[in-house]
Amino acid sequence: MAAGCDRGDHPTQLGRPAPNFTLTEGSRSLQLSSYRGKVLVLNFWATWCPPCIEEIPSLNQLQREMPQLVVLAVSVDEDGDAYRQFLSDHRIDFTTIRDPQRRVNAMFGTSRFPESYVIDRDGRIRRKFISAQDWTSPEIMNYLARL
Amino acid sequence: MHEPIAWYDDVMTTNLDVLYRYEMHPTESAMIALGKARGVYGIRKIVVDEQKKTMLVEFDFTRLNRDVVMELLRSTGIDIVEEIPLAAPPAPKETAAPLPPK
């Protein structure tokens with residue numbers, strides 16, 4: 001599991017407002033702007049992506065240990081059956097929604113998975129994490145607690 | 001089993017090439033899934049050689065490991081049989097032929 005973050009060039013999105021989006025899945029609709037006032041970890045993932053699966057337990061633990069924070073995972077799975085089967089087979093303690101058209105990740109400039117963004121209470125992107133992380137590492141948890 | 005060769009480019013990346021052999025030719029859906037697999041962080045390149053029934057995967061070993069790559073390939077539905085060593089085995093040492101009698 002990659003321990004580092006913000007690797008490579010300084011992401012241009014940092015400090016900018018996160019692009020707002022609305023996703024609908026069945027009768028459920030979710031809008032990013034509705035989380036304003038909360039620190040949000042926005043994670044892009046897919047069931048066919050082993051590193052994405054690898055970081056789910058630590059995302060679960062992060063959500064449990066920091067309930068004031070929102071972990072929102074957007075799956076790019078095209079196969080709805082595989083996605084639903086995965087959710088029924090695995091315990092997921094955070095919010096996840098499917099975006100098979102890959103519209104939202106494109107808005108953030110994400111084309112590889114997993115990739116995550118930390119969005120502050122004002123809706124600004126504060127940090128970008130590429131590849132799988134240990135979300136319960138002291139470095140990340142301390143950082144999130146300070147936001 | 002010999003360790004595969006690690007190939008580095010001139011900026012000293014952390015890429016590793018691993019060659020896999022598959023048995024059955026990938027189905028169309030498996031090839032589509034393989035296309036998606038290229039979107040996983042750490043996967044740099046996947047080259048399928050249909051004649052040799054091999055698949056060369058270049059990945060960043062600081063982000064992924066062999067087990068994860070194998071899992072990723074198998075999840076596409078491709079019938080991976082084995083990993084093929086990329087490094088040639090060392091040639092056996094030649095024993096000096098006895099000198100002819102003078």
# chains A, B, ... in the order shown; residues from 1 in each chain; ligands from 1
>>> closest_atom_pairs(of="chain B", to="chain A", cutoff="6 Å", atoms="only C-alpha atoms", output="Markdown table")
| residue | atom | partner | partner_atom | distance |
| --- | --- | --- | --- | --- |
| B:Gly39 | CA | A:Arg112 | CA | 4.5 |
| B:Val40 | CA | A:Phe113 | CA | 4.8 |
| B:Tyr41 | CA | A:Phe113 | CA | 5.4 |
| B:Arg63 | CA | A:Ala2 | CA | 5.5 |
>>> write_last_selection(atoms="C-alpha atoms", output="PDB file, in the first residue's frame")
ATOM      1  CA  GLY B  39      -6.782   2.427 -15.364  1.00  0.00           C
ATOM      2  CA  VAL B  40      -5.475   0.993 -12.101  1.00  0.00           C
ATOM      3  CA  TYR B  41      -2.780   3.127 -10.508  1.00  0.00           C
ATOM      4  CA  ARG B  63       2.413   0.772  -5.752  1.00  0.00           C
TER       5      ARG B  63
END
>>> residues_around(residues="stretch 92-106 of chain A", least_positions_apart="6", cutoff="7 Å", atoms="only C-alpha atoms", output="list in words")
Phe21, Glu25, Phe44, Asn60, Gln63, Val71, Leu72, Ala73, Val74, Ser75, Val76, Asp77 and Glu78 of chain A
>>> write_last_selection(atoms="C-alpha atoms", output="compact mmCIF listing (two decimals), in the first residue's frame")
# COMPACT_ATOMS: atom_id res chain seq x y z
CA PHE A 21 -21.99 17.17 -8.83
CA GLU A 25 -28.79 5.79 -8.14
CA PHE A 44 -12.96 7.06 -6.72
CA ASN A 60 -14.16 1.77 6.90
CA GLN A 63 -15.27 6.46 8.91
CA VAL A 71 -16.22 9.27 3.37
CA LEU A 72 -17.95 9.33 0.01
CA ALA A 73 -16.91 6.71 -2.52
CA VAL A 74 -17.87 7.00 -6.16
CA SER A 75 -17.62 3.73 -8.04
CA VAL A 76 -16.94 3.77 -11.76
CA ASP A 77 -18.24 0.22 -12.18
CA GLU A 78 -20.21 -0.17 -15.37
>>> residues_around(residues="A:Gly15", least_positions_apart="4", cutoff="9 Å", atoms="only C-alpha atoms", output="ChimeraX atom specification")
/A:124-127
>>> residues_around(residues="A:Ile140", least_positions_apart="2", cutoff="12 Å", atoms="only C-alpha atoms", output="list in words")
Ala3, Gly4, Cys5, Asp6, Val41, Ser58, Leu59, Leu62, Met66, Val118, Arg127, Lys128, Phe129, Gln133, Asp134, Trp135, Thr136, Ser137, Pro138, Asn142, Tyr143, Leu144, Ala145, Arg146 and Leu147 of chain A
>>> select_by_dssp(residues="chain A", states="strand (DSSP E)", output="PyMOL selection string")
chain A and resi 22-25+28-31+40-45+70-75+95-98+115-119+125-130
>>> write_last_selection(atoms="C-alpha atoms", output="PDB file, in the first residue's frame")
ATOM      1  CA  THR A  22     -25.209  15.309  -8.393  1.00  0.00           C
ATOM      2  CA  LEU A  23     -25.401  11.534  -8.688  1.00  0.00           C
ATOM      3  CA  THR A  24     -28.582   9.517  -8.739  1.00  0.00           C
ATOM      4  CA  GLU A  25     -28.794   5.788  -8.144  1.00  0.00           C
ATOM      5  CA  ARG A  28     -31.260   7.902  -4.044  1.00  0.00           C
ATOM      6  CA  SER A  29     -29.778  11.210  -5.073  1.00  0.00           C
ATOM      7  CA  LEU A  30     -26.609  12.730  -3.733  1.00  0.00           C
ATOM      8  CA  GLN A  31     -25.173  16.196  -4.198  1.00  0.00           C
ATOM      9  CA  LEU A  40     -15.149  15.004   3.060  1.00  0.00           C
ATOM     10  CA  VAL A  41     -12.931  12.243   1.698  1.00  0.00           C
ATOM     11  CA  LEU A  42     -14.022  11.650  -1.879  1.00  0.00           C
ATOM     12  CA  ASN A  43     -12.753   8.332  -3.139  1.00  0.00           C
ATOM     13  CA  PHE A  44     -12.962   7.064  -6.719  1.00  0.00           C
ATOM     14  CA  TRP A  45     -12.922   3.289  -6.942  1.00  0.00           C
ATOM     15  CA  VAL A  70     -17.783  11.957   5.499  1.00  0.00           C
ATOM     16  CA  VAL A  71     -16.217   9.270   3.366  1.00  0.00           C
ATOM     17  CA  LEU A  72     -17.950   9.331   0.012  1.00  0.00           C
ATOM     18  CA  ALA A  73     -16.915   6.714  -2.517  1.00  0.00           C
ATOM     19  CA  VAL A  74     -17.869   7.000  -6.156  1.00  0.00           C
ATOM     20  CA  SER A  75     -17.619   3.727  -8.035  1.00  0.00           C
ATOM     21  CA  THR A  95     -21.417   6.104   1.576  1.00  0.00           C
ATOM     22  CA  THR A  96     -20.869   4.733  -1.890  1.00  0.00           C
ATOM     23  CA  ILE A  97     -22.642   5.538  -5.115  1.00  0.00           C
ATOM     24  CA  ARG A  98     -22.103   4.416  -8.693  1.00  0.00           C
ATOM     25  CA  GLU A 115      -7.721   8.309  -6.349  1.00  0.00           C
ATOM     26  CA  SER A 116      -9.061  10.379  -3.452  1.00  0.00           C
ATOM     27  CA  TYR A 117      -9.573  14.008  -2.622  1.00  0.00           C
ATOM     28  CA  VAL A 118      -9.891  15.684   0.742  1.00  0.00           C
ATOM     29  CA  ILE A 119     -12.443  18.479   0.584  1.00  0.00           C
ATOM     30  CA  ILE A 125      -9.924  20.623  -2.397  1.00  0.00           C
ATOM     31  CA  ARG A 126      -7.166  20.450   0.164  1.00  0.00           C
ATOM     32  CA  ARG A 127      -5.312  17.318  -0.749  1.00  0.00           C
ATOM     33  CA  LYS A 128      -5.187  14.654  -3.410  1.00  0.00           C
ATOM     34  CA  PHE A 129      -4.127  11.082  -2.762  1.00  0.00           C
ATOM     35  CA  ILE A 130      -3.187   8.809  -5.576  1.00  0.00           C
TER      36      ILE A 130
END
>>> atom_distance(atom1="atom CA of B:Met55", atom2="atom CA of B:Val18")
8.3 Å
>>> residues_around(residues="B:Arg74", least_positions_apart="4", cutoff="12 Å", atoms="only C-alpha atoms", output="short mmCIF file (atom, residue, chain, number, x, y, z; two decimals) with N, CA and C atoms, in the first residue's frame")
data_model
loop_
_atom_site.label_atom_id
_atom_site.label_comp_id
_atom_site.auth_asym_id
_atom_site.auth_seq_id
_atom_site.Cartn_x
_atom_site.Cartn_y
_atom_site.Cartn_z
N TRP A 48 -13.38 -3.89 -9.71
CA TRP A 48 -12.37 -4.67 -10.46
C TRP A 48 -10.96 -4.17 -10.20
N CYS A 49 -10.82 -3.23 -9.30
CA CYS A 49 -9.51 -2.59 -9.05
C CYS A 49 -8.94 -3.08 -7.71
N PRO A 50 -7.99 -4.02 -7.72
CA PRO A 50 -7.50 -4.57 -6.44
C PRO A 50 -6.96 -3.53 -5.47
N TYR B 20 3.34 -13.07 -18.33
CA TYR B 20 2.42 -14.16 -17.95
C TYR B 20 2.04 -14.94 -19.20
N ARG B 21 1.80 -16.22 -19.00
CA ARG B 21 1.29 -17.04 -20.11
C ARG B 21 -0.17 -17.37 -19.83
N TYR B 22 -0.98 -17.26 -20.87
CA TYR B 22 -2.38 -17.64 -20.70
C TYR B 22 -2.69 -18.83 -21.60
N PRO B 26 -8.19 -14.64 -24.77
CA PRO B 26 -9.17 -13.84 -24.02
C PRO B 26 -10.43 -13.56 -24.85
N ALA B 30 -13.26 -10.11 -21.78
CA ALA B 30 -12.00 -10.10 -21.02
C ALA B 30 -11.08 -9.00 -21.54
N MET B 31 -11.08 -8.80 -22.85
CA MET B 31 -10.24 -7.74 -23.41
C MET B 31 -10.75 -6.36 -22.98
N ALA B 33 -12.31 -5.81 -20.17
CA ALA B 33 -11.91 -5.72 -18.76
C ALA B 33 -10.43 -5.39 -18.65
N LEU B 34 -9.64 -5.93 -19.57
CA LEU B 34 -8.20 -5.65 -19.56
C LEU B 34 -7.95 -4.17 -19.85
N ALA B 37 -8.39 -2.43 -16.74
CA ALA B 37 -7.28 -2.69 -15.80
C ALA B 37 -6.14 -1.71 -16.01
N MET B 55 1.29 -12.25 -21.97
CA MET B 55 0.83 -10.92 -21.60
C MET B 55 1.95 -10.28 -20.78
N ASP B 67 1.33 -10.23 -6.68
CA ASP B 67 0.06 -10.87 -6.32
C ASP B 67 -1.13 -10.02 -6.76
N VAL B 68 -1.00 -8.71 -6.55
CA VAL B 68 -2.09 -7.81 -6.92
C VAL B 68 -2.26 -7.79 -8.44
N VAL B 69 -1.14 -7.78 -9.14
CA VAL B 69 -1.21 -7.76 -10.61
C VAL B 69 -1.85 -9.05 -11.12
N MET B 70 -1.44 -10.16 -10.54
CA MET B 70 -2.03 -11.45 -10.94
C MET B 70 -3.54 -11.46 -10.65
N ILE B 78 -9.22 -13.58 -17.73
CA ILE B 78 -8.18 -14.18 -18.58
C ILE B 78 -7.56 -15.36 -17.84
N ASP B 79 -7.39 -16.42 -18.59
CA ASP B 79 -6.94 -17.69 -18.02
C ASP B 79 -5.41 -17.71 -17.88
N ILE B 80 -4.92 -17.01 -16.86
CA ILE B 80 -3.47 -16.94 -16.65
C ILE B 80 -2.99 -18.28 -16.09
N VAL B 81 -1.98 -18.83 -16.73
CA VAL B 81 -1.49 -20.14 -16.33
C VAL B 81 -0.25 -20.02 -15.45
N GLU B 82 0.65 -19.15 -15.86
CA GLU B 82 1.90 -19.05 -15.11
C GLU B 82 2.62 -17.74 -15.41
#
>>> atom_distance(atom1="atom CA of B:Asp60", atom2="atom CA of B:Ile32")
22.0 Å
